[in-house]
>>> print(open('target-v4.cif').read())   # mmCIF, C-alpha atoms
data_data
loop_
_atom_site.label_atom_id
_atom_site.label_comp_id
_atom_site.auth_asym_id
_atom_site.auth_seq_id
_atom_site.Cartn_x
_atom_site.Cartn_y
_atom_site.Cartn_z
CA MET A 98 147.52 -145.01 144.65
CA ARG A 99 144.89 -145.61 147.21
CA SER A 100 142.96 -142.57 148.24
CA ILE A 101 142.69 -141.77 151.88
CA ARG A 102 139.26 -140.97 153.14
CA ARG A 103 138.78 -139.04 156.29
CA LYS A 104 136.26 -136.78 157.80
CA SER A 105 136.83 -133.00 157.73
CA THR A 106 135.81 -130.49 160.37
CA SER A 107 132.60 -129.79 158.49
CA ASP A 108 131.59 -133.48 158.64
CA ARG A 109 132.18 -134.01 154.91
CA TRP A 110 134.27 -136.82 153.55
CA ILE A 111 137.31 -135.64 151.57
CA SER A 112 139.78 -137.81 149.74
CA GLY A 113 143.17 -137.63 147.92
CA ARG A 114 144.60 -134.12 147.56
CA ALA A 115 141.44 -132.47 148.77
CA PRO A 116 142.67 -132.09 152.40
CA VAL A 117 145.51 -129.84 151.24
CA GLN A 118 143.18 -127.77 149.06
CA ALA A 119 140.71 -127.48 151.91
CA ALA A 120 143.47 -126.34 154.27
CA VAL A 121 144.68 -123.68 151.81
CA ALA A 122 141.12 -122.46 151.28
CA ALA A 123 140.57 -122.25 155.04
CA ALA A 124 143.83 -120.29 155.51
CA VAL A 125 142.93 -117.87 152.75
CA GLY A 126 139.50 -117.42 154.29
CA LEU A 127 141.03 -116.59 157.67
CA VAL A 128 143.42 -114.07 156.14
CA LEU A 129 140.69 -112.39 154.12
CA SER A 130 138.37 -112.20 157.11
CA ALA A 131 141.11 -110.46 159.11
CA TYR A 132 141.34 -107.67 156.52
CA PRO A 133 137.93 -106.39 155.47
CA LEU A 134 137.73 -105.64 151.78
CA SER A 135 136.01 -102.51 150.62
CA CYS A 136 134.27 -102.32 147.31
CA ARG A 137 136.73 -100.58 145.01
CA ALA A 138 134.04 -99.49 142.57
CA GLN A 139 132.40 -97.42 145.30
CA SER A 140 135.53 -95.88 146.77
CA GLU A 141 137.69 -95.18 143.67
CA PRO A 142 136.11 -94.59 140.25
CA GLU A 143 137.87 -95.99 137.18
CA PRO A 144 139.97 -93.41 135.27
CA SER A 145 138.31 -91.86 132.25
CA ILE A 146 139.81 -90.44 129.06
CA ASN A 147 139.65 -86.97 130.62
CA ASP A 148 142.19 -88.04 133.24
CA TYR A 149 144.78 -88.50 130.47
CA LEU A 150 144.03 -85.34 128.45
CA PRO A 151 145.57 -81.98 129.31
CA PRO A 152 143.15 -79.93 131.39
CA SER A 153 142.73 -77.25 128.71
CA GLU A 154 141.39 -79.66 126.08
CA PRO A 155 137.87 -80.97 126.70
CA GLU A 156 136.86 -84.37 125.35
CA VAL A 157 135.96 -84.24 121.66
CA THR A 158 132.62 -85.57 120.54
CA ARG A 159 132.34 -88.08 117.73
CA ASP A 160 130.86 -85.48 115.36
CA GLU A 161 133.64 -82.99 116.12
CA TRP A 162 136.26 -85.68 115.51
CA ARG A 163 134.69 -86.58 112.17
CA GLN A 164 134.59 -82.89 111.23
CA ARG A 165 138.32 -82.57 112.01
CA ILE A 166 139.08 -85.55 109.78
CA GLU A 167 137.02 -84.14 106.93
CA ASP A 168 138.76 -80.74 107.27
CA ALA A 169 142.17 -82.42 107.15
CA ARG A 170 141.20 -84.38 104.03
CA ARG A 171 139.95 -81.19 102.37
CA ARG A 172 143.20 -79.35 103.17
CA ALA A 173 145.26 -82.25 101.80
CA LYS A 174 143.28 -82.26 98.54
CA GLU A 175 143.69 -78.48 98.20
CA ALA A 176 147.45 -78.74 98.71
CA SER A 177 147.67 -81.56 96.17
CA ARG A 178 145.67 -79.57 93.61
CA GLU A 179 147.85 -76.48 94.26
CA ARG A 180 151.04 -78.49 93.60
CA ARG A 181 149.60 -79.88 90.35
CA GLU A 182 148.40 -76.48 89.10
CA HIS A 183 151.59 -74.56 90.02
CA PRO A 184 154.57 -76.93 89.96
CA GLU A 185 156.97 -74.04 89.36
CA LEU A 186 156.35 -72.85 92.93
CA TYR A 187 157.55 -76.16 94.33
CA LYS A 188 160.69 -76.78 92.27
CA PRO A 189 163.90 -76.78 94.31
CA ILE A 190 166.01 -73.67 93.96
CA PRO A 191 169.22 -74.61 92.15
CA GLU A 192 172.37 -73.83 94.08
CA ASP A 193 175.06 -71.66 92.59
CA PRO A 194 178.01 -74.00 91.83
CA ASP A 195 180.53 -71.23 92.51
CA LEU A 196 179.03 -70.60 95.93
CA VAL A 197 179.03 -74.32 96.71
CA ALA A 198 182.70 -74.64 95.68
CA THR A 199 183.68 -71.61 97.77
CA GLU A 200 181.88 -73.00 100.83
CA ARG A 201 183.59 -76.36 100.33
CA LEU A 202 187.00 -74.66 100.22
CA LEU A 203 186.31 -72.70 103.39
CA ARG A 204 185.30 -75.91 105.24
CA ASP A 205 188.20 -78.06 103.95
CA ASP A 206 190.28 -79.05 107.00
CA SER A 207 193.05 -80.60 104.89
CA LEU A 208 194.24 -77.25 103.47
CA GLN A 209 197.70 -76.18 104.58
CA ARG A 210 199.57 -72.92 104.10
CA GLY A 211 200.93 -72.76 100.53
CA ASP A 212 198.33 -75.10 98.97
CA ILE A 213 197.09 -73.97 95.55
CA VAL A 214 193.40 -74.24 94.66
CA THR A 215 191.77 -73.67 91.29
CA THR A 216 188.33 -72.13 90.83
CA LYS A 217 186.41 -70.51 87.98
CA LYS A 218 187.93 -67.20 89.03
CA GLY A 219 191.48 -68.50 88.75
CA MET A 220 194.22 -70.04 90.87
CA PHE A 221 194.72 -69.09 94.52
CA VAL A 222 197.36 -69.81 97.16
CA TYR A 223 196.12 -70.55 100.66
CA GLN A 224 197.95 -68.23 103.09
CA GLY A 225 195.82 -68.83 106.21
CA ARG A 226 196.72 -70.62 109.43
CA SER A 227 195.37 -74.00 110.49
CA ASP A 228 194.55 -72.79 114.03
CA GLN A 229 192.25 -70.00 112.80
CA PRO A 230 188.96 -70.08 110.88
CA ARG A 231 189.24 -69.62 107.12
CA ARG A 232 188.33 -66.36 105.43
CA ASP A 233 188.15 -65.22 101.82
CA GLN A 234 191.26 -63.08 102.42
CA ASP A 235 193.31 -66.23 103.15
CA PHE A 236 193.23 -67.12 99.44
CA VAL A 237 195.66 -64.93 97.49
CA PRO A 238 195.41 -64.96 93.67
CA VAL A 239 198.38 -66.44 91.85
CA ASN A 240 199.84 -64.02 89.26
CA PRO A 241 200.37 -66.08 86.08
CA LYS A 242 203.15 -63.73 84.87
CA SER A 243 205.21 -64.25 88.05
CA VAL A 244 205.11 -68.05 87.62
CA ARG A 245 207.01 -67.88 84.32
#
>>> encode(input="target-v4.cif", output="structure tokens")
Amino acid sequence: MRSIRRKSTSDRWISGRAPVQAAVAAAVGLVLSAYPLSCRAQSEPEPSINDYLPPSEPEVTRDEWRQRIEDARRRAKEASRERREHPELYKPIPEDPDLVATERLLRDDSLQRGDIVTTKKGMFVYQGRSDQPRRDQDFVPVNPKSVR
């Protein structure tokens, strides 16, 4: 492609795509000169870390931050040593199997009036209603002599 050479308004020779670029640059220059730009650094300061912290908490110095980290490490080591020296304090409390079974019976939605359940304390007939919450009184003991 043969480049076109012509003279611009500033008496410089421009060729090829340069006339378009020069025209865009001139248009941008006119637009920018119509709207004066103010120096942002002088009118609006950049946000600091304090702008993001709650107002009640001042900025922490490096030494204070390091002290907090050291305190946290010390507390973690103390807790670890305490668990090693007294493991009996941290064992889970075993649940009473009878209590767990009773709670399971009271929460069982499939029970219907007349169902028989067996526990360590014996056999019981469920006499409650499905539209009411279950109570201990809804389970009536089965008399083994009356079954015979």
>>> closest_residue(input="target-v4.cif", among="A:Val157, A:Leu202, A:Ile146, A:Ala176", to="Arg232 in chain A", atoms="all atoms listed in the file")
A:Leu202
>>> atom_distance(input="target-v4.cif", atom1="CA of Arg172 in chain A", atom2="CA of Glu156 in chain A")
23.6 Å
>>> atom_distance(input="target-v4.cif", atom1="CA of Gly225 in chain A", atom2="CA of Arg210 in chain A")
5.9 Å
>>> atom_distance(input="target-v4.cif", atom1="CA of Arg204 in chain A", atom2="CA of Gln234 in chain A")
14.4 Å
>>> closest_residue(input="target-v4.cif", among="A:Lys217, A:Arg159, A:His183, A:Arg231", to="Asp195 in chain A", atoms="only C-alpha atoms")
A:Lys217
>>> residues_around(input="target-v4.cif", residues="Ile213 in chain A", least_positions_apart="2", cutoff="8 Å", atoms="all atoms listed in the file", output="PyMOL selection string")
chain A and resi 211+215+220-223
>>> closest_residue(input="target-v4.cif", among="A:Glu167, A:Pro144, A:Pro155, A:Thr216", to="Val197 in chain A", atoms="all atoms listed in the file")
A:Thr216
>>> closest_residue(input="target-v4.cif", among="A:Leu208, A:Val214, A:Leu150, A:Leu203", to="Asp233 in chain A", atoms="only C-alpha atoms")
A:Leu203
